[in-house]
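Raw contents of run.cif, mmCIF, C-alpha atoms:
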```
data_work
loop_
_atom_site.label_atom_id
_atom_site.label_comp_id
_atom_site.auth_asym_id
_atom_site.auth_seq_id
_atom_site.Cartn_x
_atom_site.Cartn_y
_atom_site.Cartn_z
CA MET F 1 -19.93 14.52 4.10
CA LYS F 2 -19.35 17.68 2.06
CA GLY F 3 -15.59 17.73 2.36
CA MET F 4 -13.21 19.67 4.51
CA THR F 5 -11.93 23.25 4.61
CA LEU F 6 -10.35 25.21 1.78
CA ILE F 7 -6.84 24.58 3.12
CA VAL F 8 -7.30 20.80 2.98
CA LYS F 9 -8.82 21.00 -0.50
CA THR F 10 -5.95 23.07 -1.90
CA VAL F 11 -3.29 20.82 -0.40
CA THR F 12 -5.16 17.76 -1.70
CA ARG F 13 -5.25 19.24 -5.19
CA LEU F 14 -1.48 19.58 -5.08
CA THR F 15 -0.60 16.23 -3.53
CA VAL F 16 -3.05 13.68 -4.88
CA GLY F 17 -1.35 13.43 -8.27
CA LEU F 18 2.00 12.88 -6.62
CA ILE F 19 0.55 10.06 -4.49
CA MET F 20 -0.88 8.38 -7.59
CA LEU F 21 2.46 8.79 -9.36
CA TYR F 22 4.25 7.20 -6.40
CA GLY F 23 1.97 4.18 -6.61
CA LEU F 24 2.72 3.87 -10.32
CA TYR F 25 6.45 4.20 -9.61
CA ILE F 26 6.38 1.43 -7.00
CA THR F 27 4.49 -0.81 -9.43
CA PHE F 28 6.69 -0.14 -12.46
CA HIS F 29 9.84 -0.75 -10.43
CA GLY F 30 8.44 -3.82 -8.70
CA HIS F 31 11.00 -6.10 -10.36
CA LEU F 32 13.90 -3.74 -9.57
CA THR F 33 13.32 -2.39 -6.04
CA PRO F 34 11.19 -3.45 -3.06
CA GLY F 35 7.49 -2.98 -3.60
CA GLY F 36 5.32 -4.35 -6.36
CA GLY F 37 1.79 -4.50 -7.60
CA PHE F 38 0.09 -4.99 -4.24
CA ALA F 39 1.74 -2.05 -2.47
CA GLY F 40 1.29 0.20 -5.51
CA GLY F 41 -2.37 -0.75 -5.78
CA VAL F 42 -3.02 0.07 -2.14
CA ILE F 43 -1.35 3.47 -2.67
CA LEU F 44 -3.61 4.06 -5.71
CA SER F 45 -6.72 3.30 -3.65
CA LEU F 46 -5.37 5.55 -0.85
CA SER F 47 -5.15 8.45 -3.30
CA PHE F 48 -8.82 7.98 -4.25
CA ILE F 49 -9.73 7.75 -0.56
CA HIS F 50 -7.79 10.98 -0.02
CA LEU F 51 -10.03 12.62 -2.64
CA ILE F 52 -13.17 11.28 -0.93
CA LEU F 53 -12.09 12.53 2.50
CA ALA F 54 -11.15 15.99 1.25
CA PHE F 55 -13.85 16.73 -1.34
CA GLY F 56 -16.74 14.56 -0.20
CA LYS F 57 -18.16 11.47 -1.83
CA GLU F 58 -20.36 13.15 -4.46
CA PHE F 59 -17.29 14.66 -6.15
CA VAL F 60 -15.69 11.26 -6.62
CA ILE F 61 -18.83 9.27 -7.44
CA LYS F 62 -19.48 11.56 -10.42
CA LYS F 63 -16.29 10.17 -12.00
CA PHE F 64 -15.94 6.72 -10.42
CA SER F 65 -19.17 4.97 -9.58
CA GLU F 66 -19.37 1.71 -7.67
CA THR F 67 -20.11 -0.18 -10.88
CA ILE F 68 -17.10 1.17 -12.79
CA THR F 69 -14.65 0.23 -10.04
CA SER F 70 -15.98 -3.29 -9.58
CA VAL F 71 -16.06 -3.89 -13.35
CA GLY F 72 -12.49 -2.56 -13.60
CA GLU F 73 -11.36 -4.87 -10.83
CA SER F 74 -12.89 -7.89 -12.56
CA LEU F 75 -11.28 -6.85 -15.86
CA ALA F 76 -7.89 -6.63 -14.16
CA ALA F 77 -8.37 -10.13 -12.74
CA VAL F 78 -9.16 -11.38 -16.26
CA ILE F 79 -6.05 -9.62 -17.61
CA PHE F 80 -3.87 -11.28 -14.96
CA LEU F 81 -5.33 -14.69 -15.75
CA SER F 82 -4.92 -14.16 -19.51
CA ILE F 83 -1.24 -13.26 -19.02
CA ALA F 84 -0.88 -16.54 -17.15
CA VAL F 85 -2.79 -18.47 -19.83
CA SER F 86 -0.74 -16.87 -22.62
CA GLY F 87 2.20 -18.84 -21.25
CA PHE F 88 0.70 -21.77 -23.15
CA LEU F 89 2.00 -20.10 -26.34
CA ALA F 90 5.49 -21.16 -25.38
CA GLY F 91 4.89 -24.18 -23.19
CA TYR F 92 3.10 -24.19 -19.85
CA PHE F 93 0.93 -22.08 -17.52
CA PHE F 94 2.73 -19.00 -16.12
CA LYS F 95 5.70 -19.46 -18.46
CA ASN F 96 7.92 -16.40 -18.62
CA PHE F 97 7.93 -16.50 -22.38
CA TYR F 98 9.07 -13.20 -23.76
CA GLY F 99 12.48 -11.63 -23.57
CA GLN F 100 14.19 -11.14 -20.26
CA GLY F 101 16.01 -8.03 -21.38
CA VAL F 102 19.00 -6.53 -19.63
CA PRO F 103 18.91 -6.83 -15.82
CA PHE F 104 18.40 -3.54 -13.91
CA LYS F 105 16.61 -1.94 -16.88
CA LEU F 106 12.94 -0.91 -16.62
CA PHE F 107 11.65 -3.16 -19.40
CA SER F 108 13.18 -6.44 -18.34
CA ALA F 109 12.08 -9.63 -16.60
CA GLY F 110 9.43 -10.73 -19.11
CA ILE F 111 5.91 -11.16 -17.76
CA ILE F 112 6.67 -9.79 -14.27
CA LEU F 113 5.98 -6.16 -15.27
CA PRO F 114 2.57 -6.81 -16.94
CA CYS F 115 1.58 -9.07 -14.03
CA ASN F 116 2.51 -6.31 -11.59
CA LEU F 117 0.41 -3.82 -13.57
CA ALA F 118 -2.62 -6.16 -13.55
CA ILE F 119 -2.30 -6.69 -9.80
CA PHE F 120 -1.91 -2.91 -9.37
CA LEU F 121 -5.26 -2.25 -11.07
CA LYS F 122 -6.94 -5.17 -9.33
CA VAL F 123 -5.88 -4.30 -5.78
CA GLY F 124 -6.36 -0.55 -6.22
CA LEU F 125 -9.84 -0.68 -7.72
CA GLY F 126 -10.91 -3.58 -5.47
CA LEU F 127 -9.99 -1.89 -2.20
CA PHE F 128 -11.43 1.41 -3.45
CA SER F 129 -14.75 -0.20 -4.36
CA ALA F 130 -14.91 -1.79 -0.90
CA PHE F 131 -14.30 1.63 0.70
CA LEU F 132 -16.88 3.24 -1.60
CA CYS F 133 -19.42 0.58 -0.59
CA LEU F 134 -18.81 1.28 3.12
CA VAL F 135 -19.22 5.05 2.58
CA LEU F 136 -22.45 4.60 0.60
CA PHE F 137 -23.79 2.12 3.17
CA VAL F 138 -23.25 4.56 6.06
CA SER F 139 -24.78 7.47 4.16
CA THR F 140 -27.92 5.62 3.06
CA ASN F 141 -28.48 4.28 6.57
CA SER F 142 -28.32 7.73 8.13
CA LYS F 143 -30.87 9.11 5.66
CA GLU F 144 -33.53 6.58 6.56
CA MET Y 1 23.77 -8.49 19.91
CA GLY Y 2 22.62 -4.93 19.21
CA ILE Y 3 19.91 -5.81 16.73
CA GLU Y 4 18.33 -8.35 19.10
CA LEU Y 5 18.05 -5.71 21.82
CA VAL Y 6 16.36 -3.29 19.40
CA ILE Y 7 13.94 -5.99 18.22
CA SER Y 8 13.10 -6.98 21.81
CA GLY Y 9 12.45 -3.35 22.70
CA LEU Y 10 10.14 -2.95 19.71
CA LEU Y 11 8.29 -6.15 20.66
CA VAL Y 12 7.75 -4.83 24.21
CA LEU Y 13 6.45 -1.58 22.68
CA MET Y 14 4.02 -3.58 20.51
CA ILE Y 15 2.72 -5.51 23.53
CA ILE Y 16 2.23 -2.30 25.51
CA ALA Y 17 0.37 -0.68 22.61
CA ALA Y 18 -1.84 -3.77 22.20
CA ILE Y 19 -2.72 -3.77 25.92
CA VAL Y 20 -3.54 -0.04 25.71
CA ALA Y 21 -5.73 -0.70 22.67
CA VAL Y 22 -7.74 -3.30 24.56
CA GLU Y 23 -8.01 -1.54 27.92
CA ILE Y 24 -8.53 2.14 27.09
CA LYS Y 25 -12.03 3.64 27.32
CA ASP Y 26 -11.91 6.14 24.44
CA LEU Y 27 -12.60 4.48 21.10
CA LEU Y 28 -10.46 6.81 18.98
CA SER Y 29 -7.45 6.36 21.28
CA SER Y 30 -7.88 2.61 20.96
CA VAL Y 31 -7.78 2.90 17.17
CA VAL Y 32 -4.61 5.01 17.38
CA ALA Y 33 -3.01 2.35 19.62
CA VAL Y 34 -3.85 -0.32 17.03
CA GLY Y 35 -2.15 1.87 14.43
CA ALA Y 36 0.94 2.07 16.65
CA VAL Y 37 1.09 -1.73 16.76
CA GLY Y 38 0.99 -1.84 12.96
CA VAL Y 39 3.66 0.80 12.46
CA VAL Y 40 6.03 -0.90 14.92
CA LEU Y 41 5.40 -4.20 13.12
CA SER Y 42 6.37 -2.54 9.84
CA LEU Y 43 9.57 -1.24 11.49
CA LEU Y 44 10.30 -4.79 12.69
CA PHE Y 45 9.93 -6.16 9.16
CA LEU Y 46 12.36 -3.51 7.95
CA LEU Y 47 14.91 -4.47 10.64
CA LEU Y 48 14.52 -8.15 9.77
CA GLN Y 49 15.43 -7.24 6.15
CA ALA Y 50 12.06 -7.74 4.50
CA PRO Y 51 11.50 -4.36 2.78
CA ASP Y 52 8.75 -5.62 0.45
CA LEU Y 53 6.70 -6.84 3.39
CA ALA Y 54 7.41 -3.63 5.34
CA ILE Y 55 6.02 -1.46 2.54
CA VAL Y 56 2.87 -3.59 2.22
CA GLN Y 57 2.35 -3.67 6.00
CA LEU Y 58 2.68 0.12 6.33
CA VAL Y 59 0.35 0.88 3.43
CA VAL Y 60 -2.36 -1.61 4.42
CA GLU Y 61 -2.13 -0.36 8.02
CA ILE Y 62 -2.83 3.20 6.82
CA LEU Y 63 -5.84 2.01 4.79
CA ALA Y 64 -7.28 0.01 7.70
CA LEU Y 65 -6.68 2.91 10.09
CA ILE Y 66 -8.54 5.35 7.82
CA ILE Y 67 -11.53 3.00 7.64
CA LEU Y 68 -11.50 2.47 11.43
CA VAL Y 69 -11.22 6.21 12.15
CA ARG Y 70 -14.08 6.99 9.78
CA ALA Y 71 -16.13 4.26 11.47
CA THR Y 72 -15.46 5.43 15.05
CA VAL Y 73 -15.50 9.22 14.71
CA THR Y 74 -19.06 10.35 14.22
CA ARG Y 75 -18.58 14.12 14.10
CA ASP Y 76 -16.54 16.06 11.58
CA GLY Y 77 -14.16 18.87 12.38
CA THR Y 78 -11.19 19.20 14.69
CA ASP Y 79 -10.92 20.41 18.24
CA TYR Y 80 -8.34 23.18 18.52
CA SER Y 81 -8.74 23.79 22.25
CA THR Y 82 -5.47 22.25 23.46
CA LYS Y 83 -3.00 24.95 24.47
CA GLU Y 84 -0.57 22.92 26.53
CA ILE Y 85 2.96 24.19 26.15
CA PHE Y 86 4.41 20.79 27.07
CA VAL Y 87 2.77 18.95 24.17
CA LYS Y 88 3.92 21.58 21.68
CA THR Y 89 7.48 21.52 23.00
CA VAL Y 90 7.70 17.74 22.79
CA THR Y 91 6.28 17.84 19.25
CA MET Y 92 8.79 20.44 18.12
CA ILE Y 93 11.71 18.47 19.61
CA GLY Y 94 10.46 15.33 17.86
CA VAL Y 95 10.20 17.15 14.54
CA LEU Y 96 13.72 18.51 14.93
CA ILE Y 97 15.11 15.05 15.70
CA PHE Y 98 13.26 13.66 12.66
CA ILE Y 99 14.63 16.38 10.37
CA PHE Y 100 18.17 15.80 11.68
CA TYR Y 101 18.10 12.06 10.99
CA ALA Y 102 16.24 12.49 7.69
CA PHE Y 103 18.94 14.88 6.51
CA ARG Y 104 21.61 12.36 7.45
CA ALA Y 105 19.67 9.59 5.67
CA ILE Y 106 19.35 11.61 2.45
CA LYS Y 107 23.11 11.51 2.01
CA GLU Y 108 23.00 7.70 2.11
CA LEU Y 109 20.56 7.44 -0.80
CA PRO Y 110 21.95 6.29 -4.16
CA ARG Y 111 22.52 9.05 -6.67
CA PHE Y 112 19.85 9.96 -9.23
CA GLY Y 113 19.85 7.54 -12.15
CA GLU Y 114 21.80 4.90 -10.27
CA PRO Y 115 19.89 1.79 -11.33
CA LYS Y 116 21.46 -0.84 -9.15
CA MET Y 117 19.98 -2.30 -6.03
CA LYS Y 118 22.71 -3.16 -3.54
CA VAL Y 119 21.43 -6.60 -2.53
CA ALA Y 120 20.74 -7.62 -6.12
CA SER Y 121 24.15 -6.52 -7.29
CA TYR Y 122 25.60 -8.76 -4.59
CA TYR Y 123 23.78 -11.69 -6.15
CA VAL Y 124 24.89 -10.68 -9.64
CA THR Y 125 28.55 -10.07 -9.03
CA GLU Y 126 29.47 -12.56 -6.33
CA GLY Y 127 26.72 -15.16 -6.34
CA ASN Y 128 28.89 -17.51 -4.31
CA GLY Y 129 27.21 -20.88 -4.29
CA ILE Y 130 23.73 -19.37 -4.68
CA LYS Y 131 22.02 -20.15 -7.95
CA ASN Y 132 21.92 -16.96 -9.96
CA ASN Y 133 18.23 -16.45 -10.66
CA ILE Y 134 18.76 -13.20 -12.56
CA SER Y 135 19.89 -15.23 -15.54
CA GLU Y 136 16.56 -17.09 -15.44
CA THR Y 137 13.98 -14.34 -15.00
CA GLY Y 138 15.86 -11.08 -15.57
CA ALA Y 139 14.34 -9.45 -12.47
CA ALA Y 140 16.70 -7.58 -10.14
CA ASN Y 141 14.27 -7.85 -7.20
CA ILE Y 142 14.46 -11.47 -6.18
CA VAL Y 143 11.19 -11.34 -4.24
CA ALA Y 144 9.34 -10.21 -7.37
CA SER Y 145 10.89 -12.98 -9.43
CA ILE Y 146 9.69 -15.50 -6.85
CA ILE Y 147 6.12 -14.28 -6.28
CA LEU Y 148 5.38 -13.70 -9.97
CA ASP Y 149 7.43 -16.37 -11.68
CA TYR Y 150 8.49 -19.32 -9.54
CA ARG Y 151 5.41 -19.16 -7.31
CA GLY Y 152 2.93 -17.66 -9.77
CA TYR Y 153 0.16 -19.95 -8.58
CA ASP Y 154 0.45 -18.49 -5.08
CA THR Y 155 -0.09 -14.98 -6.40
CA LEU Y 156 -3.03 -16.16 -8.48
CA GLY Y 157 -4.57 -17.68 -5.34
CA GLU Y 158 -4.01 -14.50 -3.34
CA ALA Y 159 -5.62 -12.45 -6.11
CA THR Y 160 -8.59 -14.81 -5.98
CA VAL Y 161 -8.83 -14.39 -2.20
CA LEU Y 162 -8.90 -10.59 -2.54
CA PHE Y 163 -11.42 -10.82 -5.39
CA THR Y 164 -13.70 -13.00 -3.27
CA ALA Y 165 -13.37 -10.64 -0.28
CA VAL Y 166 -14.36 -7.60 -2.35
CA LEU Y 167 -17.19 -9.62 -3.89
CA GLY Y 168 -18.43 -10.43 -0.38
CA VAL Y 169 -18.37 -6.76 0.65
CA LEU Y 170 -20.23 -5.76 -2.51
CA ALA Y 171 -22.83 -8.48 -1.91
CA VAL Y 172 -23.43 -7.61 1.74
CA MET Y 173 -23.55 -3.84 1.19
CA ARG Y 174 -25.67 -3.85 -1.98
CA LYS Y 175 -28.72 -1.63 -2.32
CA VAL Y 176 -31.02 -4.13 -4.04
CA GLY Y 177 -32.74 -6.46 -1.64
CA ARG Y 178 -31.87 -4.59 1.54
CA LYS Y 179 -34.70 -4.52 4.06
CA LYS Y 180 -36.18 -1.10 4.66
#
```
Same coordinates, now as structure tokens:
Amino acid sequence: MKGMTLIVKTVTRLTVGLIMLYGLYITFHGHLTPGGGFAGGVILSLSFIHLILAFGKEFVIKKFSETITSVGESLAAVIFLSIAVSGFLAGYFFKNFYGQGVPFKLFSAGIILPCNLAIFLKVGLGLFSAFLCLVLFVSTNSKE
Amino acid sequence: MGIELVISGLLVLMIIAAIVAVEIKDLLSSVVAVGAVGVVLSLLFLLLQAPDLAIVQLVVEILALIILVRATVTRDGTDYSTKEIFVKTVTMIGVLIFIFYAFRAIKELPRFGEPKMKVASYYVTEGNGIKNNISETGAANIVASIILDYRGYDTLGEATVLFTAVLGVLAVMRKVGRKK
């Protein structure tokens, strides 16, 4: 899989950043508008998959290997759990302990925004590492 | 009465697409029919006023469809041989209809910098009889305040399920220990 034509590559270069930004937007506004960490994470992994389909897998693996994505996913899971555990500082597990802020502002709603960000990283890198595994599996099988 | 008719029509469309997906001979067409089922399901969620679920359904459907298409299509490249005037005419008419309705929908969007979500502002201002949960969590999206605050354990369990699934894929597809 060496990637597609020059037209697809140019359009990908222009759009992939916007797709990533849209995933970040959906995550950051998860407590204000519909969406949230899961949908944003899937959009993040779709932008990486877009890169793989357009440029070929070698281009992406140079920057994101299978190990980096799976380690990142595990780290995000640990971050999510530590946010939950840090609720013990004020009382109990999953306590929404720091300030609620003004409703309808970006930095409001306490731990919901950091939790959304952790889920964003976890879902995005997890689904991307699964896709990467499938691509590598197919390619090594066809070589043998 | 109107919304029930629309929902019933969409359900019939889903059943037809599912039957096509099972019965058709071509593998790629079957995958496309499965995608049609998912997109109509996402539309149904939107009509039943579950926008969070509709977004997740649409996005996950796209991801699953990409994986299925990559798995079923063995050759790269596109076939440009179709020159049917009928298909092109229908496509152009569809694009024009889409642009017309999209232009009408753009006018309905809230203005730039307008922070308020309509449903949430209903709960804030009126809140008749319903317990005002914005005062408790500070989140304008009530679904987010439920899945990450009231039902945080559920989200933790779902994250564990996804983690285990990815772990399973990584374990099955690993290079070390695979038989030559």
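The neighbours of Y:Val39 here are the residues that come within 9 Å of it, using only C-alpha atoms and leaving out any residue fewer than 6 positions away in the same chain; they are Gln57, Leu58, Glu61 and Ile62 of chain Y.
Taking atom CA of F:Gly40 and atom CA of F:Thr15 as the two end points, the separation is 16.3 Å.
Omitting F:Val85 and its sequence neighbours fewer than 4 positions away, and counting only C-alpha atoms, the residues within 8 Å are Leu81, Phe93 and Phe94 of chain F.
Atom CA of Y:Pro110 to atom CA of Y:Val95 spans 24.6 Å [interatomic distance, one decimal].
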inquiry  = I need every residue sitting at most 10 Å from the point (-20.6, -0.3, -9.4) (coordinates as in the file, all atoms listed in the file considered), written as an MDAnalysis selection string.
reply    = (chainID F and resid 61 64:72 129 132:133) or (chainID Y and resid 170 174)
request  = Would you kindly return, as number ranges by chain, each protein, DNA or RNA residue with an atom no farther than 9 Å from any atom of Y:Thr72, considering only C-alpha atoms and excluding same-chain residues fewer than 6 positions away?
outcome  = Y: 27-28, 31
task = Name all residues at most 7 Å from stretch 141-152 of chain Y (count only C-alpha atoms; drop same-chain ones fewer than 3 positions away) and give them as an NGL selection string.
result = (:F and (30-34 or 94 or 96 or 112)) or (:Y and (120 or 137 or 155-156))
task = Calculate how many Å separate atom CA of F:Leu46 from atom CA of F:Phe128, rounding to one decimal.
result = 7.8 Å
task = Up to 8 Å from chain Y, what residues of chain F turn up? Count all atoms listed in the file and give them as a PyMOL selection string.
result = chain F and resi 4+30-36+38-39+42-43+46+74+77+81+94-96+100-105+108-110+112+115+119+123+126-127+129-131+133-134+137
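Ranking F:Leu125, F:Leu51, F:Ala90, F:Leu44 by their shortest atom-to-atom distance to F:Leu14, with only C-alpha atoms included, puts F:Leu51 first.
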ask   = Which neighbours of Y:Val34 fall inside 12 Å, counting all atoms listed in the file, when residues of the same chain fewer than 6 positions from it are skipped, and could you give them as a ChimeraX atom specification?
value = /Y:13-24,27-28,40-41,61-62,64-66,68-69
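Closest approach to Y:Glu4 from the set Y:Ala105, Y:Val87, Y:Leu48, Y:Ile97 is made by Y:Leu48, with distances taken over all atoms listed in the file.
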Would you give the centre and edge lengths, in Å to one decimal, of a box along x, y and z around the listed atoms of stretch 99-103 of chain Y, with 6 Å added to each side, as lines of an AutoDock Vina configuration file?
```
center_x = 16.8
center_y = 14.2
center_z = 9.1
size_x = 16.3
size_y = 16.3
size_z = 17.2
```
